[in-house]
Amino acid sequence: MRCLEAAILTGQTEQHLQCLGRYKMQPAVATAFCAMQAAAATDGFDLQPASAFRDFARQQCIWNEKFIGKRPVLDAQSQPIDVSELTEQQRCEAILRWSALPGASRHHWG
């Protein structure tokens, strides 16, 4: 695997992305989204992105805040868990239910 490909997959570069408002996306994704957004507007809908690219550092921040209990961690029924009652391994497993490890998030791809 080339270094650039690894950097893209792990969220360590943004050079493969373009800005669409405050969101960053791959050019083909931005083009497709704009077409979908225009079609939705024709039908009276205001389609807006909810999420897009997130770099490694941001994913790491989210993960760390969940690990220390600063952000909610949810169980399989989307109910908050008290992570202070869990072992480190149990915390990691609980976080992984809904959040990817930094470097393994599809958000990195844009």
# chains A, B, ... in the order shown; residues from 1 in each chain; ligands from 1
>>> select_by_dssp(residues="region 10-108 of chain A", states="alpha helix (DSSP H)", output="PyMOL selection string")
chain A and resi 27-42+56-67+88-96
>>> write_last_selection(atoms="N, CA, C and O atoms", output="CSV table (one decimal), in the first residue's frame")
chain,number,residue,atom,x,y,z
A,27,PRO,N,-14.2,14.4,-4.1
A,27,PRO,CA,-14.9,15.1,-5.2
A,27,PRO,C,-16.0,14.4,-5.8
A,27,PRO,O,-17.1,15.0,-6.0
A,28,ALA,N,-15.9,13.1,-6.0
A,28,ALA,CA,-17.1,12.4,-6.6
A,28,ALA,C,-18.2,12.3,-5.6
A,28,ALA,O,-19.4,12.4,-6.1
A,29,VAL,N,-18.0,12.2,-4.4
A,29,VAL,CA,-19.0,12.2,-3.4
A,29,VAL,C,-19.7,13.6,-3.3
A,29,VAL,O,-21.0,13.7,-3.3
A,30,ALA,N,-18.9,14.7,-3.4
A,30,ALA,CA,-19.5,16.0,-3.4
A,30,ALA,C,-20.4,16.2,-4.6
A,30,ALA,O,-21.5,16.8,-4.5
A,31,THR,N,-19.9,15.8,-5.8
A,31,THR,CA,-20.7,15.9,-7.0
A,31,THR,C,-22.0,15.2,-6.9
A,31,THR,O,-23.1,15.7,-7.2
A,32,ALA,N,-22.0,13.9,-6.4
A,32,ALA,CA,-23.2,13.1,-6.3
A,32,ALA,C,-24.1,13.7,-5.2
A,32,ALA,O,-25.3,13.7,-5.4
A,33,PHE,N,-23.5,14.2,-4.1
A,33,PHE,CA,-24.4,14.8,-3.1
A,33,PHE,C,-25.1,16.0,-3.6
A,33,PHE,O,-26.3,16.2,-3.4
A,34,CYS,N,-24.4,16.9,-4.3
A,34,CYS,CA,-25.0,18.1,-4.9
A,34,CYS,C,-26.2,17.8,-5.8
A,34,CYS,O,-27.2,18.4,-5.8
A,35,ALA,N,-26.0,16.7,-6.6
A,35,ALA,CA,-27.1,16.3,-7.5
A,35,ALA,C,-28.2,15.8,-6.7
A,35,ALA,O,-29.4,16.1,-7.0
A,36,MET,N,-28.0,15.0,-5.7
A,36,MET,CA,-29.1,14.5,-4.9
A,36,MET,C,-29.8,15.6,-4.1
A,36,MET,O,-31.0,15.6,-4.0
A,37,GLN,N,-29.0,16.6,-3.7
A,37,GLN,CA,-29.5,17.7,-3.0
A,37,GLN,C,-30.4,18.6,-3.9
A,37,GLN,O,-31.5,19.0,-3.5
A,38,ALA,N,-30.0,18.7,-5.1
A,38,ALA,CA,-30.8,19.5,-6.1
A,38,ALA,C,-32.1,18.7,-6.4
A,38,ALA,O,-33.2,19.4,-6.5
A,39,ALA,N,-32.1,17.4,-6.5
A,39,ALA,CA,-33.3,16.6,-6.8
A,39,ALA,C,-34.2,16.7,-5.6
A,39,ALA,O,-35.4,16.8,-5.7
A,40,ALA,N,-33.7,16.7,-4.4
A,40,ALA,CA,-34.5,16.8,-3.2
A,40,ALA,C,-35.1,18.1,-3.1
A,40,ALA,O,-36.3,18.2,-2.7
A,41,ALA,N,-34.4,19.2,-3.5
A,41,ALA,CA,-35.0,20.5,-3.4
A,41,ALA,C,-36.2,20.7,-4.4
A,41,ALA,O,-37.2,21.3,-4.1
A,42,THR,N,-36.1,20.0,-5.5
A,42,THR,CA,-37.2,20.0,-6.5
A,42,THR,C,-38.4,19.4,-5.9
A,42,THR,O,-39.5,19.8,-6.2
A,56,PHE,N,-8.0,12.0,11.9
A,56,PHE,CA,-7.6,11.1,13.0
A,56,PHE,C,-7.6,11.8,14.3
A,56,PHE,O,-8.1,11.2,15.3
A,57,ALA,N,-7.2,13.0,14.4
A,57,ALA,CA,-7.1,13.7,15.7
A,57,ALA,C,-8.5,13.9,16.3
A,57,ALA,O,-8.7,13.8,17.5
A,58,ARG,N,-9.5,14.2,15.5
A,58,ARG,CA,-10.8,14.4,16.0
A,58,ARG,C,-11.4,13.1,16.4
A,58,ARG,O,-12.1,13.1,17.5
A,59,GLN,N,-11.2,12.0,15.7
A,59,GLN,CA,-11.7,10.7,16.1
A,59,GLN,C,-11.0,10.3,17.4
A,59,GLN,O,-11.7,9.7,18.3
A,60,GLN,N,-9.7,10.6,17.6
A,60,GLN,CA,-9.0,10.3,18.8
A,60,GLN,C,-9.6,11.1,20.0
A,60,GLN,O,-9.7,10.5,21.1
A,61,CYS,N,-9.9,12.3,19.8
A,61,CYS,CA,-10.5,13.1,20.8
A,61,CYS,C,-11.9,12.5,21.3
A,61,CYS,O,-12.1,12.4,22.5
A,62,ILE,N,-12.7,12.2,20.3
A,62,ILE,CA,-14.0,11.6,20.6
A,62,ILE,C,-13.8,10.3,21.4
A,62,ILE,O,-14.4,10.0,22.4
A,63,TRP,N,-12.9,9.4,20.9
A,63,TRP,CA,-12.6,8.1,21.6
A,63,TRP,C,-12.1,8.4,23.1
A,63,TRP,O,-12.7,7.8,24.0
A,64,ASN,N,-11.2,9.3,23.2
A,64,ASN,CA,-10.6,9.5,24.6
A,64,ASN,C,-11.7,10.1,25.5
A,64,ASN,O,-11.7,9.7,26.7
A,65,GLU,N,-12.5,11.0,25.0
A,65,GLU,CA,-13.6,11.6,25.8
A,65,GLU,C,-14.6,10.5,26.3
A,65,GLU,O,-15.1,10.5,27.4
A,66,LYS,N,-14.9,9.6,25.4
A,66,LYS,CA,-15.8,8.5,25.8
A,66,LYS,C,-15.1,7.6,26.8
A,66,LYS,O,-15.7,7.1,27.8
A,67,PHE,N,-13.8,7.3,26.6
A,67,PHE,CA,-13.1,6.4,27.5
A,67,PHE,C,-13.0,7.0,29.0
A,67,PHE,O,-13.2,6.2,29.9
A,88,GLU,N,-10.9,-1.5,31.8
A,88,GLU,CA,-10.5,-0.9,30.5
A,88,GLU,C,-10.9,-1.7,29.3
A,88,GLU,O,-11.3,-1.1,28.3
A,89,GLN,N,-10.8,-3.0,29.4
A,89,GLN,CA,-11.2,-3.8,28.2
A,89,GLN,C,-12.7,-3.7,27.9
A,89,GLN,O,-13.1,-3.5,26.8
A,90,GLN,N,-13.5,-3.7,29.0
A,90,GLN,CA,-14.9,-3.6,28.8
A,90,GLN,C,-15.3,-2.2,28.3
A,90,GLN,O,-16.2,-2.0,27.5
A,91,ARG,N,-14.6,-1.2,28.7
A,91,ARG,CA,-14.8,0.2,28.2
A,91,ARG,C,-14.5,0.2,26.7
A,91,ARG,O,-15.3,0.8,25.9
A,92,CYS,N,-13.4,-0.3,26.3
A,92,CYS,CA,-13.0,-0.4,24.9
A,92,CYS,C,-14.1,-1.1,24.1
A,92,CYS,O,-14.5,-0.6,23.0
A,93,GLU,N,-14.6,-2.2,24.6
A,93,GLU,CA,-15.6,-3.0,23.9
A,93,GLU,C,-16.9,-2.2,23.8
A,93,GLU,O,-17.6,-2.2,22.7
A,94,ALA,N,-17.2,-1.5,24.8
A,94,ALA,CA,-18.5,-0.7,24.8
A,94,ALA,C,-18.4,0.4,23.9
A,94,ALA,O,-19.3,0.7,23.1
A,95,ILE,N,-17.3,1.1,23.8
A,95,ILE,CA,-17.1,2.2,22.9
A,95,ILE,C,-17.1,1.7,21.5
A,95,ILE,O,-17.7,2.4,20.6
A,96,LEU,N,-16.5,0.6,21.2
A,96,LEU,CA,-16.4,0.0,19.8
A,96,LEU,C,-17.8,-0.3,19.3
A,96,LEU,O,-18.0,-0.5,18.1
>>> select_by_dssp(residues="region 1-109 of chain A", states="strand (DSSP E or B)", output="list of chain:residue names")
A:Gln18, A:Cys19, A:Leu20, A:Tyr23, A:Lys24, A:Met25, A:Val73, A:Leu74, A:Pro80, A:Ile81
>>> write_last_selection(atoms="N, CA, C and O atoms", output="PDB file, in the first residue's frame")
ATOM      1  N   GLN A  18     -12.472  17.817  -1.033  1.00  0.00           N
ATOM      2  CA  GLN A  18     -12.843  19.186  -1.392  1.00  0.00           C
ATOM      3  C   GLN A  18     -13.880  19.645  -0.379  1.00  0.00           C
ATOM      4  O   GLN A  18     -14.542  18.836   0.260  1.00  0.00           O
ATOM      5  N   CYS A  19     -13.989  20.949  -0.227  1.00  0.00           N
ATOM      6  CA  CYS A  19     -14.952  21.511   0.726  1.00  0.00           C
ATOM      7  C   CYS A  19     -16.302  21.681   0.053  1.00  0.00           C
ATOM      8  O   CYS A  19     -16.395  22.115  -1.088  1.00  0.00           O
ATOM      9  N   LEU A  20     -17.317  21.335   0.799  1.00  0.00           N
ATOM     10  CA  LEU A  20     -18.697  21.573   0.400  1.00  0.00           C
ATOM     11  C   LEU A  20     -19.336  22.210   1.616  1.00  0.00           C
ATOM     12  O   LEU A  20     -19.723  21.528   2.555  1.00  0.00           O
ATOM     13  N   TYR A  23     -18.298  21.072   5.228  1.00  0.00           N
ATOM     14  CA  TYR A  23     -17.958  19.647   5.176  1.00  0.00           C
ATOM     15  C   TYR A  23     -16.885  19.401   4.133  1.00  0.00           C
ATOM     16  O   TYR A  23     -16.799  20.099   3.130  1.00  0.00           O
ATOM     17  N   LYS A  24     -16.085  18.362   4.368  1.00  0.00           N
ATOM     18  CA  LYS A  24     -15.066  17.943   3.411  1.00  0.00           C
ATOM     19  C   LYS A  24     -15.441  16.565   2.900  1.00  0.00           C
ATOM     20  O   LYS A  24     -15.797  15.679   3.682  1.00  0.00           O
ATOM     21  N   MET A  25     -15.377  16.403   1.569  1.00  0.00           N
ATOM     22  CA  MET A  25     -15.759  15.154   0.922  1.00  0.00           C
ATOM     23  C   MET A  25     -14.844  14.881  -0.262  1.00  0.00           C
ATOM     24  O   MET A  25     -14.246  15.797  -0.807  1.00  0.00           O
ATOM     25  N   VAL A  73     -21.338   6.907  26.433  1.00  0.00           N
ATOM     26  CA  VAL A  73     -21.111   5.626  25.760  1.00  0.00           C
ATOM     27  C   VAL A  73     -22.431   4.880  25.861  1.00  0.00           C
ATOM     28  O   VAL A  73     -23.024   4.798  26.938  1.00  0.00           O
ATOM     29  N   LEU A  74     -22.903   4.354  24.737  1.00  0.00           N
ATOM     30  CA  LEU A  74     -24.219   3.733  24.694  1.00  0.00           C
ATOM     31  C   LEU A  74     -24.131   2.221  24.553  1.00  0.00           C
ATOM     32  O   LEU A  74     -23.228   1.702  23.889  1.00  0.00           O
ATOM     33  N   PRO A  80     -27.301   5.010  27.862  1.00  0.00           N
ATOM     34  CA  PRO A  80     -25.985   5.357  28.412  1.00  0.00           C
ATOM     35  C   PRO A  80     -25.470   4.307  29.404  1.00  0.00           C
ATOM     36  O   PRO A  80     -26.239   3.715  30.152  1.00  0.00           O
ATOM     37  N   ILE A  81     -24.160   4.112  29.356  1.00  0.00           N
ATOM     38  CA  ILE A  81     -23.460   3.194  30.251  1.00  0.00           C
ATOM     39  C   ILE A  81     -22.567   4.024  31.160  1.00  0.00           C
ATOM     40  O   ILE A  81     -21.939   4.982  30.710  1.00  0.00           O
TER      41      ILE A  81
END
>>> atom_distance(atom1="CA of Leu9 (chain A)", atom2="CA of Gly69 (chain A)")
27.5 Å
>>> atom_distance(atom1="CA of Glu85 (chain A)", atom2="CA of Arg71 (chain A)")
15.0 Å
>>> residues_around(residues="Gly110 (chain A)", least_positions_apart="3", cutoff="6 Å", atoms="only C-alpha atoms", output="ChimeraX atom specification")
/A:25-26,52-53,107
>>> write_last_selection(atoms="all heavy atoms", output="PDB file, in the first residue's frame")
ATOM      1  N   MET A  25     -15.377  16.403   1.569  1.00  0.00           N
ATOM      2  CA  MET A  25     -15.759  15.154   0.922  1.00  0.00           C
ATOM      3  C   MET A  25     -14.844  14.881  -0.262  1.00  0.00           C
ATOM      4  O   MET A  25     -14.246  15.797  -0.807  1.00  0.00           O
ATOM      5  CB  MET A  25     -17.188  15.235   0.372  1.00  0.00           C
ATOM      6  CG  MET A  25     -18.244  15.585   1.357  1.00  0.00           C
ATOM      7  SD  MET A  25     -19.830  15.775   0.489  1.00  0.00           S
ATOM      8  CE  MET A  25     -20.815  16.446   1.823  1.00  0.00           C
ATOM      9  N   GLN A  26     -14.814  13.622  -0.679  1.00  0.00           N
ATOM     10  CA  GLN A  26     -14.134  13.299  -1.918  1.00  0.00           C
ATOM     11  C   GLN A  26     -14.887  13.977  -3.052  1.00  0.00           C
ATOM     12  O   GLN A  26     -16.112  14.121  -2.998  1.00  0.00           O
ATOM     13  CB  GLN A  26     -14.099  11.791  -2.130  1.00  0.00           C
ATOM     14  CG  GLN A  26     -13.210  11.064  -1.142  1.00  0.00           C
ATOM     15  CD  GLN A  26     -13.107   9.589  -1.441  1.00  0.00           C
ATOM     16  OE1 GLN A  26     -13.219   9.165  -2.585  1.00  0.00           O
ATOM     17  NE2 GLN A  26     -12.888   8.807  -0.398  1.00  0.00           N
ATOM     18  N   ALA A  52     -19.493  14.063   7.679  1.00  0.00           N
ATOM     19  CA  ALA A  52     -18.601  13.817   6.548  1.00  0.00           C
ATOM     20  C   ALA A  52     -17.209  13.478   7.099  1.00  0.00           C
ATOM     21  O   ALA A  52     -17.109  12.808   8.119  1.00  0.00           O
ATOM     22  CB  ALA A  52     -18.568  15.034   5.631  1.00  0.00           C
ATOM     23  N   PHE A  53     -16.178  13.983   6.456  1.00  0.00           N
ATOM     24  CA  PHE A  53     -14.809  13.683   6.859  1.00  0.00           C
ATOM     25  C   PHE A  53     -14.536  14.076   8.309  1.00  0.00           C
ATOM     26  O   PHE A  53     -14.989  15.114   8.785  1.00  0.00           O
ATOM     27  CB  PHE A  53     -13.823  14.435   5.955  1.00  0.00           C
ATOM     28  CG  PHE A  53     -12.384  14.276   6.355  1.00  0.00           C
ATOM     29  CD1 PHE A  53     -11.701  13.121   6.073  1.00  0.00           C
ATOM     30  CD2 PHE A  53     -11.724  15.295   7.028  1.00  0.00           C
ATOM     31  CE1 PHE A  53     -10.368  12.969   6.445  1.00  0.00           C
ATOM     32  CE2 PHE A  53     -10.401  15.160   7.410  1.00  0.00           C
ATOM     33  CZ  PHE A  53      -9.723  13.990   7.109  1.00  0.00           C
ATOM     34  N   HIS A 107     -15.163   7.680   8.499  1.00  0.00           N
ATOM     35  CA  HIS A 107     -15.189   9.148   8.382  1.00  0.00           C
ATOM     36  C   HIS A 107     -13.882   9.668   7.789  1.00  0.00           C
ATOM     37  O   HIS A 107     -13.857  10.724   7.167  1.00  0.00           O
ATOM     38  CB  HIS A 107     -15.385   9.804   9.758  1.00  0.00           C
ATOM     39  CG  HIS A 107     -16.791   9.777  10.242  1.00  0.00           C
ATOM     40  ND1 HIS A 107     -17.741  10.656   9.820  1.00  0.00           N
ATOM     41  CD2 HIS A 107     -17.404   8.961  11.127  1.00  0.00           C
ATOM     42  CE1 HIS A 107     -18.874  10.412  10.410  1.00  0.00           C
ATOM     43  NE2 HIS A 107     -18.706   9.379  11.219  1.00  0.00           N
TER      44      HIS A 107
END
>>> atom_distance(atom1="CA of Thr87 (chain A)", atom2="CA of Pro72 (chain A)")
16.2 Å
>>> residues_around(residues="His108 (chain A)", least_positions_apart="2", cutoff="6 Å", atoms="only C-alpha atoms", output="PyMOL selection string")
chain A and resi 10-11+53-55+105-106+110
>>> write_last_selection(atoms="N, CA, C and O atoms", output="mmCIF file, in the first residue's frame")
data_model
loop_
_atom_site.group_PDB
_atom_site.id
_atom_site.type_symbol
_atom_site.label_atom_id
_atom_site.label_comp_id
_atom_site.auth_asym_id
_atom_site.auth_seq_id
_atom_site.Cartn_x
_atom_site.Cartn_y
_atom_site.Cartn_z
ATOM 1 N N THR A 10 -6.524 6.342 7.026
ATOM 2 C CA THR A 10 -6.425 6.543 8.474
ATOM 3 C C THR A 10 -6.707 7.979 8.908
ATOM 4 O O THR A 10 -6.573 8.307 10.080
ATOM 5 N N GLY A 11 -7.102 8.832 7.975
ATOM 6 C CA GLY A 11 -7.481 10.196 8.326
ATOM 7 C C GLY A 11 -6.326 11.111 8.637
ATOM 8 O O GLY A 11 -6.479 12.101 9.350
ATOM 9 N N PHE A 53 -16.178 13.983 6.456
ATOM 10 C CA PHE A 53 -14.809 13.683 6.859
ATOM 11 C C PHE A 53 -14.536 14.076 8.309
ATOM 12 O O PHE A 53 -14.989 15.114 8.785
ATOM 13 N N ARG A 54 -13.825 13.202 8.998
ATOM 14 C CA ARG A 54 -13.335 13.489 10.347
ATOM 15 C C ARG A 54 -11.891 12.988 10.389
ATOM 16 O O ARG A 54 -11.632 11.827 10.102
ATOM 17 N N ASP A 55 -10.972 13.850 10.754
ATOM 18 C CA ASP A 55 -9.573 13.429 10.741
ATOM 19 C C ASP A 55 -9.222 12.582 11.970
ATOM 20 O O ASP A 55 -10.018 12.426 12.904
ATOM 21 N N SER A 105 -11.801 4.637 11.254
ATOM 22 C CA SER A 105 -13.133 5.185 11.007
ATOM 23 C C SER A 105 -13.359 5.439 9.521
ATOM 24 O O SER A 105 -12.472 5.963 8.835
ATOM 25 N N ARG A 106 -14.540 5.104 9.022
ATOM 26 C CA ARG A 106 -14.874 5.418 7.617
ATOM 27 C C ARG A 106 -15.010 6.921 7.418
ATOM 28 O O ARG A 106 -14.955 7.397 6.289
ATOM 29 N N GLY A 110 -13.756 10.463 3.829
ATOM 30 C CA GLY A 110 -14.400 11.627 3.217
ATOM 31 C C GLY A 110 -15.474 11.214 2.239
ATOM 32 O O GLY A 110 -15.794 11.889 1.309
#
>>> decode(residues="region 76-88 of chain A", atoms="N, CA, C and O atoms", output="tab-separated table (two decimals), in the first residue's frame")
chain	number	residue	atom	x	y	z
A	76	ALA	N	-26.21	-1.56	23.53
A	76	ALA	CA	-26.85	-2.03	22.30
A	76	ALA	C	-28.25	-1.46	22.11
A	76	ALA	O	-28.75	-1.39	20.99
A	77	GLN	N	-28.88	-1.02	23.19
A	77	GLN	CA	-30.22	-0.42	23.10
A	77	GLN	C	-30.15	1.12	23.10
A	77	GLN	O	-31.14	1.79	23.35
A	78	SER	N	-28.96	1.65	22.87
A	78	SER	CA	-28.71	3.10	22.83
A	78	SER	C	-28.95	3.78	24.17
A	78	SER	O	-29.30	4.96	24.21
A	79	GLN	N	-28.73	3.05	25.23
A	79	GLN	CA	-28.87	3.61	26.58
A	79	GLN	C	-27.48	3.90	27.14
A	79	GLN	O	-26.55	3.11	26.94
A	80	PRO	N	-27.30	5.01	27.86
A	80	PRO	CA	-25.99	5.36	28.41
A	80	PRO	C	-25.47	4.31	29.40
A	80	PRO	O	-26.24	3.71	30.15
A	81	ILE	N	-24.16	4.11	29.36
A	81	ILE	CA	-23.46	3.19	30.25
A	81	ILE	C	-22.57	4.02	31.16
A	81	ILE	O	-21.94	4.98	30.71
A	82	ASP	N	-22.45	3.63	32.42
A	82	ASP	CA	-21.50	4.28	33.33
A	82	ASP	C	-20.15	3.58	33.15
A	82	ASP	O	-19.92	2.50	33.67
A	83	VAL	N	-19.26	4.22	32.37
A	83	VAL	CA	-17.98	3.58	32.06
A	83	VAL	C	-17.06	3.46	33.27
A	83	VAL	O	-16.14	2.65	33.26
A	84	SER	N	-17.33	4.23	34.32
A	84	SER	CA	-16.47	4.15	35.51
A	84	SER	C	-16.60	2.79	36.20
A	84	SER	O	-15.73	2.40	36.97
A	85	GLU	N	-17.66	2.06	35.88
A	85	GLU	CA	-17.88	0.74	36.48
A	85	GLU	C	-17.28	-0.38	35.64
A	85	GLU	O	-17.38	-1.55	36.01
A	86	LEU	N	-16.66	-0.05	34.52
A	86	LEU	CA	-16.12	-1.05	33.60
A	86	LEU	C	-14.61	-1.14	33.67
A	86	LEU	O	-13.94	-0.15	33.97
A	87	THR	N	-14.08	-2.32	33.37
A	87	THR	CA	-12.63	-2.46	33.23
A	87	THR	C	-12.21	-1.75	31.95
A	87	THR	O	-13.06	-1.39	31.11
A	88	GLU	N	-10.92	-1.55	31.76
A	88	GLU	CA	-10.45	-0.89	30.54
A	88	GLU	C	-10.88	-1.67	29.30
A	88	GLU	O	-11.31	-1.09	28.31
